[in-house]
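Quick look at structure-v7.tsv (TSV, C-alpha atoms and all ligand atoms):
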chain	number	residue	atom	x	y	z
F	1	MET	CA	-90.69	115.09	-82.44
F	2	PHE	CA	-89.38	118.52	-81.48
F	3	ASP	CA	-90.45	121.61	-83.40
F	4	SER	CA	-87.75	123.97	-82.17
F	5	TYR	CA	-84.64	124.03	-80.02
F	6	GLU	CA	-86.66	125.85	-77.37
F	7	GLU	CA	-88.94	122.82	-77.18
F	8	VAL	CA	-85.89	120.61	-76.65
F	9	GLN	CA	-84.83	122.83	-73.74
F	10	GLU	CA	-88.32	122.81	-72.23
F	11	ARG	CA	-88.82	119.07	-72.50
F	12	PHE	CA	-85.33	118.33	-71.21
F	13	ASP	CA	-86.03	120.66	-68.33
F	14	THR	CA	-89.05	118.58	-67.33
F	15	GLN	CA	-86.63	115.63	-67.16
F	16	GLN	CA	-84.37	117.70	-64.91
F	17	TYR	CA	-81.71	118.11	-67.59
F	18	ILE	CA	-80.40	121.61	-68.16
F	19	CYS	CA	-79.58	122.01	-71.83
F	20	SER	CA	-77.66	124.95	-73.28
F	21	GLN	CA	-78.97	126.61	-76.42
F	22	GLU	CA	-76.05	125.16	-78.38
F	23	ALA	CA	-76.77	121.61	-77.22
F	24	ALA	CA	-80.51	121.99	-77.71
F	25	THR	CA	-80.01	123.26	-81.26
F	26	VAL	CA	-77.84	120.34	-82.34
F	27	VAL	CA	-80.23	117.85	-80.72
F	28	TYR	CA	-83.12	119.51	-82.56
F	29	LEU	CA	-81.28	119.43	-85.90
F	30	ALA	CA	-80.08	115.84	-85.50
F	31	SER	CA	-83.58	114.60	-84.71
F	32	LYS	CA	-85.20	116.64	-87.48
F	33	MET	CA	-82.59	115.71	-90.10
F	34	GLN	CA	-82.34	112.09	-88.89
F	35	ARG	CA	-78.60	112.25	-88.36
F	36	PRO	CA	-76.64	110.46	-85.62
F	37	LEU	CA	-75.32	112.76	-82.91
F	38	LEU	CA	-71.79	112.19	-81.63
F	39	VAL	CA	-71.34	113.61	-78.13
F	40	GLU	CA	-67.80	113.93	-76.82
F	41	GLY	CA	-66.42	115.34	-73.61
F	42	PRO	CA	-64.83	114.52	-70.27
F	43	ALA	CA	-66.34	111.98	-67.85
F	44	GLY	CA	-69.54	112.89	-66.08
F	45	VAL	CA	-70.69	115.88	-68.10
F	46	GLY	CA	-74.04	114.39	-69.08
F	47	LYS	CA	-73.32	112.58	-72.36
F	48	THR	CA	-75.13	109.35	-71.53
F	49	ASP	CA	-77.87	111.20	-69.71
F	50	LEU	CA	-78.52	113.32	-72.80
F	51	ALA	CA	-79.55	110.21	-74.73
F	52	LYS	CA	-81.66	108.90	-71.85
F	53	VAL	CA	-83.40	112.24	-71.51
F	54	LEU	CA	-83.89	112.48	-75.28
F	55	ALA	CA	-85.85	109.23	-75.09
F	56	ALA	CA	-87.73	109.96	-71.86
F	57	SER	CA	-88.71	113.49	-72.91
F	58	GLN	CA	-90.59	112.08	-75.91
F	59	GLY	CA	-91.74	108.80	-74.41
F	60	LEU	CA	-89.48	106.84	-76.77
F	61	LYS	CA	-87.84	103.52	-76.07
F	62	LEU	CA	-84.13	103.70	-75.25
F	63	ILE	CA	-81.98	100.95	-76.75
F	64	ARG	CA	-78.45	100.97	-75.39
F	65	LEU	CA	-75.33	99.44	-76.83
F	66	GLN	CA	-72.47	99.65	-74.35
F	67	CYS	CA	-69.18	99.48	-76.24
F	68	TYR	CA	-66.02	97.77	-74.99
F	69	GLU	CA	-62.83	96.30	-76.40
F	70	GLY	CA	-63.65	93.12	-78.29
F	71	LEU	CA	-67.30	94.00	-78.89
F	72	ASP	CA	-68.34	92.27	-82.09
F	73	GLU	CA	-71.34	91.80	-84.35
F	74	THR	CA	-72.72	88.88	-82.35
F	75	LYS	CA	-73.08	91.07	-79.28
F	76	ALA	CA	-74.08	94.22	-81.15
F	77	LEU	CA	-76.30	92.98	-83.99
F	78	TYR	CA	-77.53	89.41	-83.62
F	79	GLU	CA	-76.60	85.85	-82.88
F	80	TRP	CA	-78.28	82.50	-83.28
F	81	GLU	CA	-79.67	81.00	-80.14
F	82	TYR	CA	-77.68	77.81	-80.30
F	83	SER	CA	-79.01	76.25	-77.09
F	84	LYS	CA	-82.61	76.77	-78.20
F	85	GLN	CA	-81.87	75.26	-81.61
F	86	LEU	CA	-80.32	72.29	-79.85
F	87	LEU	CA	-83.28	71.91	-77.53
F	88	TYR	CA	-85.67	71.93	-80.48
F	89	THR	CA	-83.65	69.24	-82.28
F	90	GLN	CA	-83.87	67.11	-79.12
F	91	ILE	CA	-87.60	67.58	-78.75
F	92	LEU	CA	-88.16	67.03	-82.45
F	93	LYS	CA	-85.83	64.06	-82.84
F	94	ASP	CA	-88.67	61.65	-83.72
F	95	LYS	CA	-89.83	64.02	-86.41
F	96	ILE	CA	-86.28	64.36	-87.73
F	97	ALA	CA	-85.86	60.56	-87.73
F	98	GLN	CA	-89.07	60.26	-89.71
F	99	THR	CA	-87.82	62.80	-92.25
F	100	LEU	CA	-84.64	60.78	-92.67
F	101	LYS	CA	-86.36	57.39	-92.68
F	102	GLU	CA	-85.94	56.60	-96.33
F	103	VAL	CA	-82.36	57.71	-96.82
F	104	SER	CA	-79.50	55.27	-96.50
F	105	THR	CA	-76.25	57.25	-96.75
F	106	LEU	CA	-74.87	60.09	-94.68
F	107	SER	CA	-74.62	62.46	-97.64
F	108	GLU	CA	-78.25	61.77	-98.56
F	109	ALA	CA	-79.24	62.50	-94.96
F	110	ILE	CA	-77.34	65.81	-95.02
F	111	GLU	CA	-78.92	66.66	-98.36
F	112	LYS	CA	-82.37	65.89	-97.02
F	113	ILE	CA	-81.98	67.76	-93.74
F	114	SER	CA	-80.59	70.84	-95.52
F	115	THR	CA	-83.98	71.35	-97.15
F	116	GLU	CA	-85.38	71.82	-93.64
F	117	GLU	CA	-82.67	74.13	-92.29
F	118	ASP	CA	-84.73	77.29	-92.86
F	119	ALA	CA	-86.89	76.15	-89.96
F	120	PHE	CA	-83.86	76.38	-87.66
F	121	PHE	CA	-82.55	79.65	-89.05
F	122	SER	CA	-85.69	81.72	-88.72
F	123	GLU	CA	-86.42	84.77	-86.57
F	124	ARG	CA	-87.63	82.37	-83.87
F	125	PHE	CA	-84.03	81.39	-83.12
F	126	LEU	CA	-82.52	84.82	-83.67
F	127	VAL	CA	-81.36	86.80	-80.64
F	128	ALA	CA	-81.63	90.45	-81.55
F	129	ARG	CA	-78.89	92.55	-79.99
F	130	PRO	CA	-79.23	96.35	-79.60
F	131	LEU	CA	-78.54	97.36	-83.23
F	132	LEU	CA	-81.01	94.82	-84.61
F	133	LYS	CA	-83.53	95.73	-81.92
F	134	ALA	CA	-83.39	99.33	-83.13
F	135	ILE	CA	-83.78	98.19	-86.75
F	136	LEU	CA	-86.74	95.93	-85.94
F	137	SER	CA	-88.43	98.36	-83.55
F	138	ASP	CA	-92.03	99.04	-84.50
F	139	GLU	CA	-91.73	102.64	-83.33
F	140	ILE	CA	-89.03	105.31	-83.41
F	141	SER	CA	-86.49	104.55	-80.71
F	142	VAL	CA	-83.41	106.26	-79.31
F	143	LEU	CA	-80.32	104.16	-79.98
F	144	LEU	CA	-77.52	105.00	-77.55
F	145	ILE	CA	-74.13	103.73	-78.66
F	146	ASP	CA	-72.29	104.47	-75.45
F	147	GLU	CA	-68.52	104.95	-75.21
F	148	VAL	CA	-67.88	104.11	-78.85
F	149	ASP	CA	-64.18	105.00	-78.39
F	150	LYS	CA	-63.80	101.83	-76.27
F	151	SER	CA	-64.67	99.59	-79.23
F	152	ASP	CA	-62.09	98.47	-81.80
F	153	PRO	CA	-61.61	100.34	-85.09
F	154	GLU	CA	-62.96	97.25	-86.94
F	155	PHE	CA	-66.19	97.52	-85.03
F	156	GLU	CA	-66.38	101.21	-85.84
F	157	ALA	CA	-66.13	100.35	-89.54
F	158	PHE	CA	-68.98	97.88	-89.18
F	159	LEU	CA	-71.01	100.50	-87.33
F	160	LEU	CA	-70.58	102.86	-90.28
F	161	GLU	CA	-72.48	100.45	-92.51
F	162	VAL	CA	-75.33	100.14	-90.06
F	163	LEU	CA	-75.55	103.89	-89.55
F	164	SER	CA	-75.58	104.58	-93.29
F	165	ASP	CA	-78.35	102.16	-94.30
F	166	PHE	CA	-80.09	101.14	-91.09
F	167	GLN	CA	-80.34	97.64	-92.38
F	168	ALA	CA	-78.81	94.32	-91.50
F	169	SER	CA	-78.01	91.45	-93.82
F	170	ILE	CA	-78.50	88.07	-92.24
F	171	PRO	CA	-77.36	85.45	-94.75
F	172	GLU	CA	-79.91	82.83	-93.65
F	173	ILE	CA	-82.85	85.24	-93.61
F	174	GLY	CA	-82.09	88.14	-95.93
F	175	THR	CA	-81.92	91.88	-95.45
F	176	LEU	CA	-83.89	93.44	-92.63
F	177	LYS	CA	-84.51	97.14	-93.14
F	178	ALA	CA	-85.41	99.58	-90.38
F	179	ARG	CA	-89.11	100.32	-90.19
F	180	HIS	CA	-88.34	103.56	-88.38
F	181	ILE	CA	-85.00	105.33	-88.43
F	182	PRO	CA	-83.93	105.58	-84.77
F	183	LEU	CA	-82.53	108.71	-83.19
F	184	VAL	CA	-78.90	107.74	-82.68
F	185	VAL	CA	-76.63	109.18	-79.99
F	186	LEU	CA	-73.01	108.06	-79.85
F	187	THR	CA	-70.87	109.07	-76.89
F	188	SER	CA	-67.10	109.15	-76.56
F	189	ASN	CA	-64.61	110.10	-73.87
F	190	ASN	CA	-62.04	110.60	-76.56
F	191	SER	CA	-59.82	107.77	-75.34
F	192	ARG	CA	-58.92	107.34	-79.01
F	193	GLU	CA	-59.59	109.37	-82.13
F	194	LEU	CA	-62.67	108.24	-83.99
F	195	SER	CA	-62.43	107.90	-87.75
F	196	ASP	CA	-63.27	110.80	-90.04
F	197	ALA	CA	-65.68	108.47	-91.83
F	198	LEU	CA	-67.72	108.07	-88.66
F	199	LYS	CA	-67.53	111.76	-87.81
F	200	ARG	CA	-68.67	112.68	-91.32
F	201	ARG	CA	-71.94	110.84	-90.79
F	202	CYS	CA	-72.68	112.44	-87.45
F	203	PHE	CA	-73.47	115.87	-86.06
F	204	TYR	CA	-71.06	116.76	-83.30
F	205	LEU	CA	-71.54	118.11	-79.81
F	206	TYR	CA	-68.71	118.73	-77.38
F	207	LEU	CA	-69.98	118.83	-73.82
F	208	ASP	CA	-67.53	120.43	-71.43
F	209	PHE	CA	-67.68	121.04	-67.70
F	210	PRO	CA	-70.34	123.66	-67.11
F	211	SER	CA	-69.73	127.22	-65.94
F	212	ALA	CA	-70.45	127.87	-62.24
F	213	GLU	CA	-73.73	129.47	-63.30
F	214	GLN	CA	-74.83	126.42	-65.34
F	215	GLU	CA	-73.73	124.08	-62.57
F	216	ALA	CA	-75.76	126.08	-60.04
F	217	ALA	CA	-78.82	125.68	-62.28
F	218	ILE	CA	-78.26	121.88	-62.42
F	219	LEU	CA	-77.79	121.69	-58.63
F	220	LYS	CA	-80.93	123.73	-58.08
F	221	LYS	CA	-82.92	121.33	-60.27
F	222	LYS	CA	-81.55	118.13	-58.81
F	223	VAL	CA	-80.89	119.02	-55.18
F	224	PRO	CA	-83.79	121.35	-54.38
F	225	ASP	CA	-83.25	120.95	-50.65
F	226	LEU	CA	-79.91	122.69	-50.80
F	227	ASP	CA	-80.01	126.29	-49.68
F	228	ASP	CA	-79.70	128.80	-52.53
F	229	ARG	CA	-76.60	130.49	-51.14
F	230	LEU	CA	-74.89	127.13	-50.63
F	231	ILE	CA	-75.76	126.09	-54.20
F	232	HIS	CA	-73.75	129.00	-55.55
F	233	GLN	CA	-70.91	128.37	-53.13
F	234	VAL	CA	-70.73	124.71	-54.17
F	235	ALA	CA	-70.83	125.58	-57.88
F	236	GLU	CA	-68.03	128.12	-57.47
F	237	ALA	CA	-65.98	125.80	-55.28
F	238	VAL	CA	-66.26	123.00	-57.85
F	239	GLU	CA	-65.23	125.40	-60.60
F	240	SER	CA	-62.11	126.39	-58.61
F	241	ILE	CA	-61.29	122.75	-57.83
F	242	ARG	CA	-61.50	121.87	-61.54
F	243	LYS	CA	-58.85	124.49	-62.26
F	244	MET	CA	-56.39	122.83	-59.86
F	245	ASP	CA	-54.84	120.47	-62.39
F	246	LEU	CA	-56.05	117.35	-60.60
F	247	LYS	CA	-55.65	113.78	-61.77
F	248	LYS	CA	-59.44	113.51	-61.88
F	249	PRO	CA	-61.40	116.74	-61.82
F	250	PRO	CA	-64.85	116.32	-60.26
F	251	SER	CA	-67.69	115.59	-62.66
F	252	ILE	CA	-71.22	116.99	-62.52
F	253	GLY	CA	-72.32	113.70	-61.00
F	254	GLU	CA	-69.77	114.18	-58.21
F	255	SER	CA	-70.76	117.77	-57.54
F	256	LEU	CA	-74.36	116.52	-57.25
F	257	ASP	CA	-73.18	113.94	-54.72
F	258	TRP	CA	-71.34	116.64	-52.80
F	259	ALA	CA	-74.45	118.81	-52.72
F	260	LYS	CA	-76.59	115.88	-51.51
F	261	ALA	CA	-74.02	115.08	-48.81
F	262	LEU	CA	-74.15	118.69	-47.59
F	263	VAL	CA	-77.94	118.44	-47.33
F	264	LEU	CA	-77.68	115.20	-45.35
F	265	LEU	CA	-75.19	116.76	-42.96
F	266	ASN	CA	-77.39	119.87	-42.57
F	267	ALA	CA	-74.52	122.11	-43.62
F	268	ASP	CA	-75.46	125.75	-43.81
F	269	ARG	CA	-72.16	127.02	-45.20
F	270	LEU	CA	-68.93	125.73	-46.72
F	271	ALA	CA	-66.58	125.75	-43.75
F	272	PRO	CA	-63.11	124.12	-44.01
F	273	GLU	CA	-64.08	121.23	-41.73
F	274	THR	CA	-67.29	120.57	-43.70
F	275	ILE	CA	-65.30	120.55	-46.92
F	276	ARG	CA	-62.70	118.19	-45.45
F	277	VAL	CA	-65.19	115.56	-44.27
F	278	THR	CA	-67.29	115.66	-47.44
F	279	LEU	CA	-64.38	115.54	-49.91
F	280	PRO	CA	-64.72	111.74	-50.38
F	281	THR	CA	-67.88	112.41	-52.37
F	282	LEU	CA	-66.01	114.70	-54.74
F	283	ILE	CA	-62.34	113.73	-54.91
F	284	LYS	CA	-61.18	110.20	-55.72
F	285	TYR	CA	-57.35	110.28	-55.55
F	286	PRO	CA	-55.20	110.87	-52.43
F	287	ALA	CA	-52.93	113.28	-54.34
F	288	ASP	CA	-55.97	115.27	-55.50
F	289	ARG	CA	-57.27	115.38	-51.93
F	290	ASP	CA	-53.93	116.70	-50.66
F	291	ARG	CA	-53.96	119.31	-53.39
F	292	VAL	CA	-57.46	120.54	-52.52
F	293	LEU	CA	-56.77	120.62	-48.78
F	294	LYS	CA	-53.53	122.56	-49.39
F	295	ASP	CA	-55.35	125.04	-51.58
F	296	MET	CA	-58.39	125.35	-49.31
F	297	GLY	CA	-58.35	129.13	-49.70
F	298	ARG	CA	-59.45	128.74	-53.33
F	299	VAL	CA	-62.33	126.47	-52.38
F	300	LEU	CA	-63.81	128.57	-49.60
F	301	PRO	CA	-66.62	130.94	-50.53
F	302	ARG	CA	-65.43	134.38	-51.56
F	303	GLU	CA	-67.63	136.18	-49.06
F	304	ARG	CA	-65.84	134.26	-46.31
F	305	GLU	CA	-62.53	135.74	-47.39
F	306	GLU	CA	-64.05	139.19	-47.13
F	307	THR	CA	-65.24	138.70	-43.54
O	401	LIG	N1	-76.95	119.31	-68.02
O	401	LIG	C1	-77.30	118.49	-67.02
O	401	LIG	N2	-78.45	118.67	-66.36
O	401	LIG	C2	-78.77	117.86	-65.33
O	401	LIG	N3	-78.01	116.83	-64.90
O	401	LIG	C3	-76.84	116.62	-65.52
O	401	LIG	C4	-76.42	117.43	-66.61
O	401	LIG	N4	-75.23	116.99	-67.05
O	401	LIG	C5	-74.91	115.96	-66.26
O	401	LIG	N5	-75.86	115.72	-65.35
O	401	LIG	C6	-75.85	114.65	-64.33
O	401	LIG	O1	-74.51	114.27	-64.12
O	401	LIG	C7	-74.40	112.86	-63.94
O	401	LIG	C8	-73.41	112.25	-64.89
O	401	LIG	O2	-73.94	112.27	-66.21
O	401	LIG	P1	-73.63	111.14	-67.28
O	401	LIG	O3	-73.55	109.80	-66.66
O	401	LIG	O4	-74.56	111.32	-68.40
O	401	LIG	O5	-72.15	111.56	-67.70
O	401	LIG	P2	-71.25	111.02	-68.91
O	401	LIG	O6	-70.78	112.24	-69.64
O	401	LIG	O7	-71.97	109.99	-69.68
O	401	LIG	O8	-70.04	110.41	-68.11
O	401	LIG	P3	-69.07	109.17	-68.50
O	401	LIG	O9	-68.16	109.67	-69.57
O	401	LIG	O10	-68.33	108.89	-67.23
O	401	LIG	O11	-69.95	108.03	-68.92
O	401	LIG	C9	-75.82	112.28	-64.10
O	401	LIG	O12	-76.38	112.14	-62.83
O	401	LIG	C10	-76.53	113.39	-64.86
O	401	LIG	O13	-77.89	113.38	-64.57
O	402	MG	MG	-71.62	107.94	-69.89
Starting from the coordinates I provided, produce the structure as structure tokens.
Amino acid sequence: MFDSYEEVQERFDTQQYICSQEAATVVYLASKMQRPLLVEGPAGVGKTDLAKVLAASQGLKLIRLQCYEGLDETKALYEWEYSKQLLYTQILKDKIAQTLKEVSTLSEAIEKISTEEDAFFSERFLVARPLLKAILSDEISVLLIDEVDKSDPEFEAFLLEVLSDFQASIPEIGTLKARHIPLVVLTSNNSRELSDALKRRCFYLYLDFPSAEQEAAILKKKVPDLDDRLIHQVAEAVESIRKMDLKKPPSIGESLDWAKALVLLNADRLAPETIRVTLPTLIKYPADRDRVLKDMGRVLPREREET
């Protein structure tokens, strides 16, 4: 476990994740105070990666619950493995027949078999889904509840219960309580407002697009083959492009792709033609592409304008 926000920054750095002081502090506090961390922000700013790096930097297991519309308890918490139960009843049919040998009516048979039903509703036939896996984990884990805004409000309400008590009630088995409280990271793209009740239980981090300086630091870490001067040119170009009111501003992931493409093409500077042919790695809508090409002057390195 971290002892300071500086340690968070250092350990994240070894995982090639550049963490601001603000982000490192809230990660430190959430892990120390055992509170879920809700991370919001536009696409591709490192929300999911933050949880992955949180786990990897401490050698913890990452358990991921990907949210989507219609996600329910059976996919998030547990379900009974019906096919396995059925298979067992087939294999054990002689044994079952023997158990029922002395009964004559259907209701007696049901009565008799019900005394054995615990055998079929035991942990052996339980399929643990991510939330139950985190509860049953025999060590501290990182539970990533990714894109929680995509789930339905009913699921969010159910999640609240789990996040408050870290326990699950399974009628046939009883209550299973977490042996270790997991570090929980929830991410959201803000496609819908999350409830105040959920927000109240979490610490909150808003990750925005980085400044050109932060982006340059990320590029330097992840694309070390890119020339230093070009790194700064790319970071500044991406910053200008993001200000262009595009349908989809480029994410950090896309600026990393752009940088890698420039390395592959042995580019030594950002010339208009180089930008044009590498735009498919950065820009994903025709209208956005037109916009960037029209405004090329804002994308070109400043020193170029001076020459
Ligand atoms: N601070 C950072 N340091 C290093 N790499 C980063 C940083 N932020 C983002 N990245 C990189 O950017 C890419 C996109 O990150 P990630 O998938 O976590 O974004 P996201 O916010 O979860 O996006 P989405 O909302 O689309 O799921 C990843 O390759 C990630 O490693
Ligand atoms: Mg993500």
Next item on the list: Enumerate residues in contact with ligand LIG 401 (chain O): an atom-to-atom distance of at most 6 Å, counting only C-alpha atoms and all ligand atoms. Format the result as number ranges by chain.
Entry: F: 16-19, 42-49, 189, 218, 252-253
Check: Pick the closest to Leu136 of chain F from F:Ala178, F:Ile63, F:Leu92, F:Met244: which is it, counting all atoms listed in the file?
Finding: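 Going through F:Ala178, F:Ile63, F:Leu92, F:Met244 one by one, the smallest distance to Leu136 of chain F is for F:Ala178.
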Checklist line | Neighbour list for Thr274 of chain F as a list of chain:residue names, cut-off 9 Å, all atoms listed in the file, skip fewer than 6 positions in-chain | finding: F:Leu262, F:Leu265, F:Ala267
Check: Could you name the residues that touch Met33 of chain F at 10 Å or less, counting only C-alpha atoms, but leaving out those on the same chain fewer than 6 positions away, as an NGL selection string?
Finding: :F and (27 or 183 or 203)
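Summary of the local environment: counting all atoms listed in the file, residues at most 9 Å from Arg64 of chain F, other than itself and those fewer than 4 positions away along its chain, are Pro130, Leu131, Val142, Leu143, Leu144, Ile145 and Asp146 of chain F.
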Can you report as JSON the centre and edge lengths in Å, to one decimal, of an axis-aligned box around the listed atoms of segment 193-209 of chain F padded with 4 Å on each side?
{"center_x": -66.5, "center_y": 114.5, "center_z": -79.8, "size_x": 21.9, "size_y": 21.1, "size_z": 32.1}
Notebook entry, point to check: With distances taken over only C-alpha atoms and all ligand atoms, which of F:Lys221, F:Lys150, F:Arg124, F:Arg298 is nearest to ligand MG 402 (chain O)?
Noted result: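 Of F:Lys221, F:Lys150, F:Arg124, F:Arg298, the one nearest ligand MG 402 (chain O) is F:Lys150, counting only C-alpha atoms and all ligand atoms.
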